[in-house]
Amino acid sequence: MTLVRASTLRIAWRSLWRNKRRTALALAAIGLSTALVLTYNGVLRAYGDWMVATITGPMLGDVQVHAPGWRKDRGLDRTLPTASATLATLRRDPEVAAASGRIYAPILVALGDEGFAAFVIGVDPDVEAHPMGLLASAPVHPSGRGVLVGKKLADVMGVRVGDQLALVGQGVDGSFANDLYIVTALIETPVDMVNRQAVVMELGEAQRLFMMSDEVHEIMIRARDSDHGAMLAQRLTAEPRFAGTEVLHWRALAPDLVNLVELVDVAWVFVLVLVFVAAAAGIANTMLISTFERTRELGMLLALGVRPLRIVGMVVVEALALGVVGVALGFALGGGIVAIFHRIGFDLAQLTGGGPSAISFAGMNWTLRLFPSLAMIDLVRTFVAVVVTALVASAWPAIRAARLQPVTALRA
Amino acid sequence: MRDPHGHRRGLLWVVAVALIVQPAFADEPKPPDVDAVLAKLDDLYRSTSSIARVELVVVTPRSTRTMRVKAWTRGEDKALIVVESPSRDAGTATLRVGENLWMYLPRVAKTMRIPPSMMLGSWMGTDFTNDDLVKESSLRKDFVARIDKRSSSPAGWWLTLTAKPGVVGRWARIDLLVSDDMLPVEERHYDRKLRLARTLTFDTVKKLSGRTLPTRMVVTPAGETDKRTELTYGELALDVDVPESTFSLSRLERKR
């Protein structure tokens, strides 16, 4: 048995437009709330993606490799040996988008007589210049004796581009590491620690300064698909090349930031409740009134031998049609809004009354300009929510209509 | 290593200065006067001036590095330490005047003041901190000492030193083993959270410049197995003429 006959559909559609103003109002309510939900979803999605990108982009990457114990004490001698071979293997891996070796070493840095506590990051400039990378905004790359200095450190020290800095530290063999370097740029990165304390140096130069051979403290891996980062970490851990090292997904490296992201991930649930309420109110009210108005007509149909189930079908289909049309209007409107903001960006700072354009939190600088986007799942969720609401909201009017006694209904 | 029998000779003074006699110690040597012990330890390696040659051996799991330095001191707050070997680092110098610490780096011909934030950092890669060089540490002034227990091997006493209230220092407590001839044998330094931070052991007692003292000191950071710094006095000349001008920045830069 077909659940809904074509005639039922036709009748439902016709009934829907009998009171144009009421239906239009209901559609507007459903459509606007759907559009609102989509816009909010788009911003939320952008926020979540941006958060992960801000977290993983500059420093963490998707996966990191360290020598055991390094993360605890950052001991200079806890290095990963044969770094270039490991990096070459990783770069050939089809699931790896980029891999970069890094060195971290505490130093004293001085322009004049005054020494300042800082640390050297030895990096592979080509990899770190990725659009979300540490050196994304660096005007020049560190190279040879040319180093980049964190903006805040430079401010404190009074360092300008072109200045010569003396760096003193300790080599990995315990010897003195000291040399002179030229500041080629001051950098502002999303990582506060780097802005406040870092001297960024080319990896090879850092290895030379700290008497290191082909070794690094950290290998940062950017996965081709970030969503598969955890699996990549797991797979690499099992590889003999990484035996005796610590291969971790960023979620394991920065558990505090994971909570932040997960909060965004569940926020859509609250938004969906909004759609339920709006759709339920619009549909239930419309259907209830319209069945009340048609009590006599329904009584007539029943008297003519129409089965109560068909009456239920008519009412439900009418409600569904209302919901689907409303959601379609909402998709058109919401999709349009998201598309526009996707292009021009959505400035959270403006919403808060023109405050700062970025905030510093958890040691990271977060920009407040987002680029909303929607995924199919957002549309499906919203659609399903409206349809389910339509079904639930039409239940009462439908059952009421089916239970009408033809005689009483005709006299009403 | 020390000769354990030699310690008995120093016991006479203990009898003379001991003020408290506890029944538990009836058959044991009398405990020493803690003030006298602290006073002696405070000034053991100090004098109005000194010139010393010291060998430092820095042991890490990865390497063992030997460094020879020459050190001049004058009064309690002036010191100059110049690296003599290895030749690669020769001329690297540390100058202390009061609370300030400078480093001279001959390779880049640069003098650099060590910032206060780095005071707890390692001094030239050893297990000593910059703070160890600068701090006007005085066991007598900063700590309240009490006798803890008798140590049989080596013969001596364990003293427990607790930081006096209001004294801002790195150590909240020091457990000190002092031999019967009033020389330090072992010090255990506990940080402000009462965790053992490092152990100092003293041995190779010799007479240098008319003073009998342990000429070797080993610093072992707590929780590290293959990490330590050994400091051995080669020469020590006390109360010699060290001109004031030794401790100047210009001298630091000239000196090689």
# chains A, B, ... in the order shown; residues from 1 in each chain; ligands from 1
>>> interface_residues(of="chain A", to="chain B", cutoff="9 Å", atoms="only C-alpha atoms", output="list in words")
Asp77, Leu108, Val109, Ala110, Leu111, Gly112, Asp113, Glu114, Gly115, Phe116, Ala117, Ala166, Val168, Gly169, Gln170, Gly171, Val172, Asp173, Gly174, Ser175, Phe176, Asn178, Asp179 and Leu180 of chain A
>>> residues_around(residues="Ala83 (chain A)", least_positions_apart="4", cutoff="9 Å", atoms="only C-alpha atoms", output="number ranges by chain")
A: 87-88, 101, 214-216, 219
>>> select_by_dssp(residues="region 109-213 of chain B", states="strand (DSSP E)", output="PyMOL selection string")
chain B and resi 110-113+143-151+156-163+173-179+184-190+196-208+211-213
>>> residues_around(residues="Arg343 (chain A)", least_positions_apart="6", cutoff="12 Å", atoms="only C-alpha atoms", output="ChimeraX atom specification")
/A:336-337,369-373
>>> residues_around(residues="Arg102 (chain A)", least_positions_apart="4", cutoff="9 Å", atoms="only C-alpha atoms", output="list in words")
Ile121, Gly122, Val123, Asp124, Leu203, Glu215, Val216, His217, Glu218, Ile219 and Met220 of chain A
>>> residues_around(residues="Ala303 (chain A)", least_positions_apart="3", cutoff="10 Å", atoms="only C-alpha atoms", output="PDB file with C-alpha atoms, in the first residue's frame")
ATOM      1  CA  GLU A 297     -15.471  19.403   5.838  1.00  0.00           C
ATOM      2  CA  LEU A 298     -13.624  16.581   7.554  1.00  0.00           C
ATOM      3  CA  GLY A 299     -16.919  15.324   8.984  1.00  0.00           C
ATOM      4  CA  MET A 300     -18.274  15.266   5.456  1.00  0.00           C
ATOM      5  CA  VAL A 306     -13.099   8.163   3.834  1.00  0.00           C
ATOM      6  CA  ARG A 307     -11.029   6.090   6.246  1.00  0.00           C
ATOM      7  CA  GLN A 405     -17.689  11.683  14.778  1.00  0.00           C
ATOM      8  CA  PRO A 406     -19.137  12.468  11.327  1.00  0.00           C
ATOM      9  CA  VAL A 407     -22.518  13.430  12.795  1.00  0.00           C
ATOM     10  CA  ALA A 409     -18.615  17.202  12.974  1.00  0.00           C
ATOM     11  CA  LEU A 410     -21.234  17.980  10.359  1.00  0.00           C
TER      12      LEU A 410
END
>>> select_by_dssp(residues="region 82-159 of chain B", states="helix (DSSP H, G or I)", output="list in words")
Ser87, Arg88, Asp89, Pro106, Arg107, Val108, Pro116, Ser117, Met118, Asn130, Asp131, Asp132, Leu133, Val134, Leu139, Arg140, Lys141 and Asp142 of chain B
>>> residues_around(residues="Leu309 (chain A)", least_positions_apart="2", cutoff="12 Å", atoms="only C-alpha atoms", output="list in words")
Leu3, Val4, Arg5, Thr8, Leu301, Leu302, Gly305, Val306, Arg307, Ile311, Val312, Gly313, Met314, Val315, Val316, Ala398, Ile399, Arg400, Ala401, Ala402, Arg403 and Leu404 of chain A
